[in-house]
Structures are given as C-alpha cells and as structure tokens.
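input_38.txt follows (compact mmCIF, C-alpha atoms):
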```txt
# COMPACT_ATOMS: atom_id res chain seq x y z
CA MET N 1 -47.88 63.81 -39.07
CA ASN N 2 -45.71 64.88 -36.32
CA TYR N 3 -43.15 62.27 -35.37
CA PHE N 4 -41.63 64.37 -32.67
CA VAL N 5 -43.26 63.79 -29.33
CA PRO N 6 -41.89 65.98 -26.58
CA ARG N 7 -40.81 64.28 -23.38
CA ARG N 8 -42.55 65.06 -20.28
CA PHE N 9 -40.65 66.81 -17.61
CA VAL N 10 -39.86 64.42 -14.73
CA PRO N 11 -39.28 66.14 -11.43
CA TYR N 12 -36.06 65.43 -9.50
CA LYS N 13 -37.84 63.71 -6.62
CA THR N 14 -39.40 61.02 -8.80
CA VAL N 15 -35.97 60.12 -10.22
CA LEU N 16 -34.69 59.60 -6.69
CA LEU N 17 -37.63 57.43 -5.84
CA ARG N 18 -36.90 55.17 -8.77
CA ARG N 19 -33.32 54.48 -7.66
CA SER N 20 -32.67 51.30 -5.74
CA TRP N 21 -32.40 51.06 -2.02
CA LEU N 22 -28.60 50.53 -2.24
CA ALA N 23 -28.13 53.55 -4.48
CA ARG N 24 -30.12 55.71 -2.07
CA ARG N 25 -28.04 54.48 0.87
CA LEU N 26 -24.75 54.99 -0.93
CA GLY N 27 -25.81 58.38 -2.18
CA LYS N 28 -26.11 59.66 1.38
CA LEU N 29 -22.57 58.59 2.38
CA LYS N 30 -19.60 60.90 2.35
CA ILE N 31 -16.76 60.32 -0.12
CA GLY N 32 -14.40 58.94 2.59
CA CYS N 33 -17.01 56.38 3.64
CA LYS N 34 -17.58 55.37 0.02
CA ILE N 35 -13.83 54.84 -0.48
CA ASN N 36 -13.59 52.81 2.73
CA LEU N 37 -16.57 50.72 1.69
CA SER N 38 -15.09 50.02 -1.75
CA TYR N 39 -11.75 49.00 -0.19
CA SER N 40 -13.61 46.72 2.21
CA ILE N 41 -15.54 45.10 -0.63
CA ALA N 42 -12.35 44.65 -2.67
CA LEU N 43 -10.53 43.18 0.35
CA GLY N 44 -13.46 40.83 1.05
CA ILE N 45 -13.48 39.61 -2.55
CA ALA N 46 -9.71 39.05 -2.39
CA ILE N 47 -10.02 37.10 0.88
CA LEU N 48 -12.86 34.96 -0.48
CA GLY N 49 -10.88 34.26 -3.66
CA THR N 50 -7.81 33.31 -1.66
CA MET N 51 -9.80 31.03 0.63
CA SER N 52 -11.52 29.29 -2.27
CA GLY N 53 -8.13 28.91 -3.99
CA PHE N 54 -6.65 27.32 -0.87
CA MET N 55 -9.64 25.01 -0.51
CA SER N 56 -9.52 23.84 -4.11
CA GLY N 57 -5.73 23.48 -3.92
CA ASP N 58 -6.06 21.40 -0.76
CA PHE N 59 -8.66 19.18 -2.45
CA TYR N 60 -6.42 18.50 -5.45
CA HIS N 61 -3.41 18.03 -3.19
CA ARG N 62 -5.26 15.32 -1.25
CA GLN N 63 -6.30 13.66 -4.50
CA ALA N 64 -2.68 13.66 -5.66
CA ILE N 65 -1.56 12.15 -2.34
CA LEU N 66 -4.12 9.34 -2.71
CA VAL N 67 -2.96 8.62 -6.25
CA SER N 68 0.71 8.63 -5.24
CA GLU N 69 0.02 6.32 -2.28
CA GLY N 70 -1.83 3.93 -4.57
CA ALA N 71 1.04 3.97 -7.03
CA ARG N 72 3.54 3.43 -4.21
CA GLU N 73 1.57 0.45 -2.91
CA GLU N 74 1.36 -1.02 -6.40
CA VAL N 75 5.10 -0.64 -6.90
CA GLN N 76 5.67 -2.23 -3.48
CA LEU N 77 3.47 -5.20 -4.40
CA LEU N 78 5.22 -5.61 -7.74
CA HIS N 79 8.58 -5.42 -5.98
CA GLU N 80 7.51 -8.12 -3.52
CA LEU N 81 6.32 -10.31 -6.38
CA GLN N 82 9.55 -9.83 -8.29
CA THR N 83 11.71 -10.46 -5.22
CA SER N 84 9.81 -13.62 -4.30
CA LEU N 85 9.97 -14.95 -7.85
CA LEU N 86 13.71 -14.27 -8.03
CA GLN N 87 14.21 -16.03 -4.69
CA ILE N 88 12.26 -19.02 -6.01
CA GLN N 89 14.47 -19.16 -9.10
CA ILE N 90 17.67 -18.82 -7.04
CA HIS N 91 16.70 -21.61 -4.65
CA GLN N 92 15.57 -23.76 -7.57
CA GLN N 93 19.05 -23.38 -9.11
CA ARG N 94 20.71 -24.12 -5.78
CA LEU N 95 18.71 -27.33 -5.49
CA LEU N 96 20.30 -28.57 -8.69
CA VAL N 97 23.74 -28.28 -7.14
CA LEU N 98 22.73 -29.72 -3.77
CA LEU N 99 21.25 -33.00 -4.96
CA ASP N 100 24.35 -34.80 -3.67
CA SER N 101 23.92 -33.39 -0.14
CA PRO N 102 20.55 -34.47 1.32
CA GLN N 103 20.74 -32.21 4.37
CA ASP N 104 21.50 -29.06 2.37
CA PHE N 105 18.92 -30.07 -0.24
CA THR N 106 16.26 -30.36 2.47
CA GLN N 107 17.17 -26.96 3.89
CA GLN N 108 17.07 -25.30 0.46
CA SER N 109 13.75 -26.96 -0.35
CA ARG N 110 12.32 -25.49 2.89
CA TYR N 111 13.55 -22.06 1.84
CA LEU N 112 12.03 -22.63 -1.58
CA HIS N 113 8.67 -23.59 -0.09
CA ALA N 114 8.76 -20.48 2.15
CA HIS N 115 9.41 -18.25 -0.86
CA ILE N 116 6.68 -19.97 -2.85
CA ALA N 117 4.25 -19.30 0.02
CA SER N 118 5.31 -15.65 0.27
CA PHE N 119 4.94 -15.30 -3.51
CA ARG N 120 1.43 -16.72 -3.39
CA VAL N 121 0.47 -14.31 -0.60
CA ALA N 122 1.90 -11.36 -2.54
CA TRP N 123 0.07 -12.54 -5.68
CA ILE N 124 -3.24 -12.70 -3.79
CA GLU N 125 -2.63 -9.19 -2.40
CA PHE N 126 -1.83 -7.97 -5.91
CA GLN N 127 -5.06 -9.46 -7.25
CA ALA N 128 -7.10 -7.99 -4.38
CA ALA N 129 -5.57 -4.56 -4.87
CA HIS N 130 -6.57 -4.55 -8.54
CA ASP N 131 -10.07 -5.97 -8.18
CA ASN N 132 -11.59 -2.69 -6.94
CA PRO N 133 -12.93 -0.71 -9.93
CA LYS N 134 -14.05 2.15 -7.68
CA THR N 135 -10.52 3.39 -7.01
CA THR N 136 -8.95 2.82 -10.43
CA PRO N 137 -10.00 3.82 -13.95
CA ILE N 138 -11.83 1.19 -15.98
CA GLU N 139 -9.07 0.95 -18.60
CA GLU N 140 -6.53 0.19 -15.89
CA VAL N 141 -8.83 -2.38 -14.26
CA GLU N 142 -9.26 -4.16 -17.60
CA ALA N 143 -5.50 -4.15 -18.24
CA ASN N 144 -4.82 -5.48 -14.74
CA GLN N 145 -7.42 -8.23 -15.13
CA GLN N 146 -5.86 -9.21 -18.46
CA PHE N 147 -2.42 -9.30 -16.82
CA ILE N 148 -3.70 -11.38 -13.91
CA GLN N 149 -5.55 -13.82 -16.17
CA THR N 150 -2.53 -14.23 -18.42
CA TYR N 151 -0.02 -14.92 -15.67
CA GLN N 152 -2.26 -16.75 -13.19
CA VAL N 153 -2.18 -19.93 -15.25
CA VAL N 154 1.55 -19.70 -15.96
CA LEU N 155 2.41 -19.10 -12.31
CA ASP N 156 0.15 -21.89 -11.07
CA ILE N 157 1.74 -24.36 -13.49
CA TYR N 158 5.27 -23.23 -12.62
CA LEU N 159 4.81 -23.33 -8.85
CA ASN N 160 2.84 -26.58 -8.88
CA ASP N 161 5.51 -28.22 -11.05
CA ILE N 162 8.20 -27.19 -8.57
CA ASP N 163 6.14 -28.60 -5.68
CA ARG N 164 5.49 -31.82 -7.60
CA VAL N 165 9.17 -32.33 -8.44
CA LEU N 166 10.24 -31.66 -4.86
CA GLU N 167 7.71 -34.16 -3.54
CA GLN N 168 8.96 -36.83 -5.97
CA VAL N 169 12.60 -36.44 -4.99
CA ASP N 170 13.71 -39.36 -2.83
CA LEU N 171 16.98 -38.32 -1.23
CA THR N 172 17.72 -41.78 0.14
CA ALA N 173 17.83 -43.48 -3.26
CA LEU N 174 19.58 -41.00 -5.50
CA SER N 175 21.40 -42.56 -8.40
CA PRO N 176 23.19 -40.66 -11.19
CA VAL N 177 20.27 -41.40 -13.53
CA HIS N 178 17.75 -40.15 -10.97
CA ILE N 179 19.84 -37.00 -10.34
CA GLN N 180 19.92 -36.35 -14.09
CA LYS N 181 16.12 -36.75 -14.27
CA VAL N 182 15.55 -34.34 -11.34
CA ASN N 183 17.92 -31.81 -12.93
CA GLN N 184 15.90 -31.88 -16.13
CA GLN N 185 12.63 -31.53 -14.25
CA LEU N 186 13.89 -28.63 -12.16
```

Starting from the file, give its structure as structure tokens.
Amino acid sequence: MNYFVPRRFVPYKTVLLRRSWLARRLGKLKIGCKINLSYSIALGIAILGTMSGFMSGDFYHRQAILVSEGAREEVQLLHELQTSLLQIQIHQQRLLVLLDSPQDFTQQSRYLHAHIASFRVAWIEFQAAHDNPKTTPIEEVEANQQFIQTYQVVLDIYLNDIDRVLEQVDLTALSPVHIQKVNQQL
C-alpha cells in the first residue's frame, strides 16, 4: 500500500481565482496606496472608537446627573422637614413662656399653625417623591415606605395634639392652675 499520494499541480491562475474579491482588489494596488488605505482604516477605527466612547460617557454622565439631582431634591425635602419641625418645637416652647400675654400667645400660635401647615406640605411632598418605584431601587422604596409608615403615625399624633391643646386654651380665663395644665400638655 502506498500511503503517499502526490499532489496535483495547481496552475497559478486558479489560485488567483480562488482569492476573494477584496484580496484581488488590494493585490492590484501599489504599495503607497496600500499604506494610505491602512492608515485610513486605522484612523477610521480610532474615530469610531472615540465617538462611541464619547457617546457612552455622555450617557453615563447624564445618568449621574439624574441621580445627583434626585439626591439633592431628597436632601432639600429632608432639610425642609427638619426646619419645619424645629420651628414647630421652638414656637411650642415659646408658647409656654407667653401664656401670661394673650396677644403674644395668639401671634405665636399663628406662627405655630403656619409651620405645622408647611411641615404637612413638606411631608406630603416627601411621601410623593418616594412613592415612585420606577425611579428608585426597590430596596430604597421599601426602606422609605417603612420610614414613612413608622413616622406618619407619630407625626399625626404629635401635630394633632398640639392643635388640640391650642384649641382648648382659653386666654380670657387663665388661672395659675390652668396655666400649669397647659404647660404640661404642651
């Protein structure tokens, strides 16, 4: 048995016919044209890479801006809530001192009611900002809902108690015993 099978001789023209269309076109170009073409291809790839890098960078930059704006708005809402609550506490403490002066007490109670109203508006805005699960991760939505549920009841009781005590105060018939009772309630 002869395992050696000689190859057939393939003429030069058939090898050229088997080459691709691009190889035939490039084979006919001069060396200078081939170098220019390779530089052009390299430059085109570099430009496309740069453009895609800028586009992806711009996309992530916009995403980061949206996240930072959301965080800024949340901090602003929390700041408004904190400021309003501190104002409520300050005016509540001032009312204790002004029980002897009906005119000043009335003015401070108006300020207190205004701050309670602004706190309630800020609280509603805070709740509305955290009720949208499309813009925030699910874990954060759940944590925010837990926070809102926990403090909603406490805030309602606190603010309603202040309103109730202020409505019960009769400035025309204040006696030392009545002043002591109002001080304890406030």

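The smallest atom-to-atom distance between Phe147 in chain N and any of N:Phe126, N:Gln76, N:Val165, N:Ile90, using only C-alpha atoms, is found for N:Phe126.
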
Subject >> Spatial neighbours of range 61-72 of chain N, 12 Å, only C-alpha atoms, chain gap at least 3 places, as a PyMOL selection string >> reply: chain N and resi 53-58+75-79+126+129-130+135-137

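Omitting Ser118 in chain N and its sequence neighbours fewer than 6 positions away, and counting all atoms listed in the file, the residues within 12 Å are Leu77, Glu80, Leu81, Gln82, Thr83, Ser84, Leu85, Leu86, Gln87, Ile88, Tyr111, Leu112, Ile124, Glu125 and Leu159 of chain N.
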
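Coordinates place CA of Gly44 in chain N at a distance of 24.3 Å from CA of Tyr60 in chain N.
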
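The smallest atom-to-atom distance between Leu96 in chain N and any of N:Val169, N:Ala23, N:Ile35, N:Leu29, using only C-alpha atoms, is found for N:Val169.
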
**OP:** Might you pull out every residue within 12 Å of Ile162 in chain N, with all atoms listed in the file counted and same-chain residues fewer than 2 positions away left off, and present them as a PyMOL selection string?
**Re:** chain N and resi 88-89+91-93+95+109+112-113+115-116+155-160+164-169+182-186

Could I get range 150-171 of chain N rebuilt with N, CA, C and O atoms, written as an mmCIF file, keeping the file's coordinate frame?
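Final file, result.cif:
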```
data_model
loop_
_atom_site.group_PDB
_atom_site.id
_atom_site.type_symbol
_atom_site.label_atom_id
_atom_site.label_comp_id
_atom_site.auth_asym_id
_atom_site.auth_seq_id
_atom_site.Cartn_x
_atom_site.Cartn_y
_atom_site.Cartn_z
ATOM 1 N N THR N 150 -3.610 -13.682 -17.603
ATOM 2 C CA THR N 150 -2.530 -14.230 -18.420
ATOM 3 C C THR N 150 -1.508 -14.970 -17.561
ATOM 4 O O THR N 150 -1.100 -16.086 -17.883
ATOM 5 N N TYR N 151 -1.107 -14.351 -16.459
ATOM 6 C CA TYR N 151 -0.020 -14.920 -15.670
ATOM 7 C C TYR N 151 -0.489 -15.839 -14.550
ATOM 8 O O TYR N 151 0.330 -16.549 -13.973
ATOM 9 N N GLN N 152 -1.749 -15.855 -14.237
ATOM 10 C CA GLN N 152 -2.260 -16.750 -13.190
ATOM 11 C C GLN N 152 -2.012 -18.201 -13.571
ATOM 12 O O GLN N 152 -1.505 -18.987 -12.774
ATOM 13 N N VAL N 153 -2.344 -18.542 -14.791
ATOM 14 C CA VAL N 153 -2.180 -19.930 -15.250
ATOM 15 C C VAL N 153 -0.703 -20.302 -15.296
ATOM 16 O O VAL N 153 -0.300 -21.378 -14.827
ATOM 17 N N VAL N 154 0.114 -19.423 -15.835
ATOM 18 C CA VAL N 154 1.550 -19.700 -15.960
ATOM 19 C C VAL N 154 2.178 -19.880 -14.578
ATOM 20 O O VAL N 154 2.947 -20.826 -14.345
ATOM 21 N N LEU N 155 1.835 -19.010 -13.653
ATOM 22 C CA LEU N 155 2.410 -19.100 -12.310
ATOM 23 C C LEU N 155 1.931 -20.354 -11.586
ATOM 24 O O LEU N 155 2.723 -21.018 -10.898
ATOM 25 N N ASP N 156 0.661 -20.684 -11.720
ATOM 26 C CA ASP N 156 0.150 -21.890 -11.070
ATOM 27 C C ASP N 156 0.872 -23.136 -11.599
ATOM 28 O O ASP N 156 1.280 -24.007 -10.817
ATOM 29 N N ILE N 157 1.042 -23.209 -12.904
ATOM 30 C CA ILE N 157 1.740 -24.360 -13.490
ATOM 31 C C ILE N 157 3.172 -24.418 -13.008
ATOM 32 O O ILE N 157 3.666 -25.480 -12.593
ATOM 33 N N TYR N 158 3.856 -23.280 -13.021
ATOM 34 C CA TYR N 158 5.270 -23.230 -12.620
ATOM 35 C C TYR N 158 5.434 -23.643 -11.156
ATOM 36 O O TYR N 158 6.252 -24.515 -10.828
ATOM 37 N N LEU N 159 4.654 -23.044 -10.277
ATOM 38 C CA LEU N 159 4.810 -23.330 -8.850
ATOM 39 C C LEU N 159 4.347 -24.743 -8.507
ATOM 40 O O LEU N 159 4.972 -25.427 -7.677
ATOM 41 N N ASN N 160 3.300 -25.210 -9.133
ATOM 42 C CA ASN N 160 2.840 -26.580 -8.880
ATOM 43 C C ASN N 160 3.840 -27.610 -9.402
ATOM 44 O O ASN N 160 4.028 -28.665 -8.782
ATOM 45 N N ASP N 161 4.485 -27.319 -10.536
ATOM 46 C CA ASP N 161 5.510 -28.220 -11.050
ATOM 47 C C ASP N 161 6.700 -28.305 -10.093
ATOM 48 O O ASP N 161 7.244 -29.397 -9.867
ATOM 49 N N ILE N 162 7.096 -27.180 -9.545
ATOM 50 C CA ILE N 162 8.200 -27.190 -8.570
ATOM 51 C C ILE N 162 7.809 -28.021 -7.359
ATOM 52 O O ILE N 162 8.589 -28.868 -6.878
ATOM 53 N N ASP N 163 6.606 -27.815 -6.841
ATOM 54 C CA ASP N 163 6.140 -28.600 -5.680
ATOM 55 C C ASP N 163 6.095 -30.095 -6.013
ATOM 56 O O ASP N 163 6.511 -30.931 -5.213
ATOM 57 N N ARG N 164 5.591 -30.419 -7.192
ATOM 58 C CA ARG N 164 5.490 -31.820 -7.600
ATOM 59 C C ARG N 164 6.864 -32.471 -7.690
ATOM 60 O O ARG N 164 7.083 -33.580 -7.190
ATOM 61 N N VAL N 165 7.821 -31.776 -8.294
ATOM 62 C CA VAL N 165 9.170 -32.330 -8.440
ATOM 63 C C VAL N 165 9.817 -32.501 -7.075
ATOM 64 O O VAL N 165 10.468 -33.530 -6.807
ATOM 65 N N LEU N 166 9.631 -31.549 -6.179
ATOM 66 C CA LEU N 166 10.240 -31.660 -4.860
ATOM 67 C C LEU N 166 9.631 -32.800 -4.052
ATOM 68 O O LEU N 166 10.315 -33.451 -3.261
ATOM 69 N N GLU N 167 8.346 -33.042 -4.236
ATOM 70 C CA GLU N 167 7.710 -34.160 -3.540
ATOM 71 C C GLU N 167 8.187 -35.502 -4.079
ATOM 72 O O GLU N 167 8.245 -36.486 -3.341
ATOM 73 N N GLN N 168 8.538 -35.574 -5.348
ATOM 74 C CA GLN N 168 8.960 -36.830 -5.970
ATOM 75 C C GLN N 168 10.417 -37.179 -5.677
ATOM 76 O O GLN N 168 10.817 -38.322 -5.866
ATOM 77 N N VAL N 169 11.181 -36.195 -5.227
ATOM 78 C CA VAL N 169 12.600 -36.440 -4.990
ATOM 79 C C VAL N 169 12.746 -37.327 -3.749
ATOM 80 O O VAL N 169 12.264 -36.997 -2.668
ATOM 81 N N ASP N 170 13.408 -38.437 -3.940
ATOM 82 C CA ASP N 170 13.710 -39.360 -2.830
ATOM 83 C C ASP N 170 15.204 -39.257 -2.579
ATOM 84 O O ASP N 170 16.019 -39.750 -3.367
ATOM 85 N N LEU N 171 15.568 -38.584 -1.505
ATOM 86 C CA LEU N 171 16.980 -38.320 -1.230
ATOM 87 C C LEU N 171 17.737 -39.561 -0.783
ATOM 88 O O LEU N 171 18.968 -39.592 -0.821
#
```
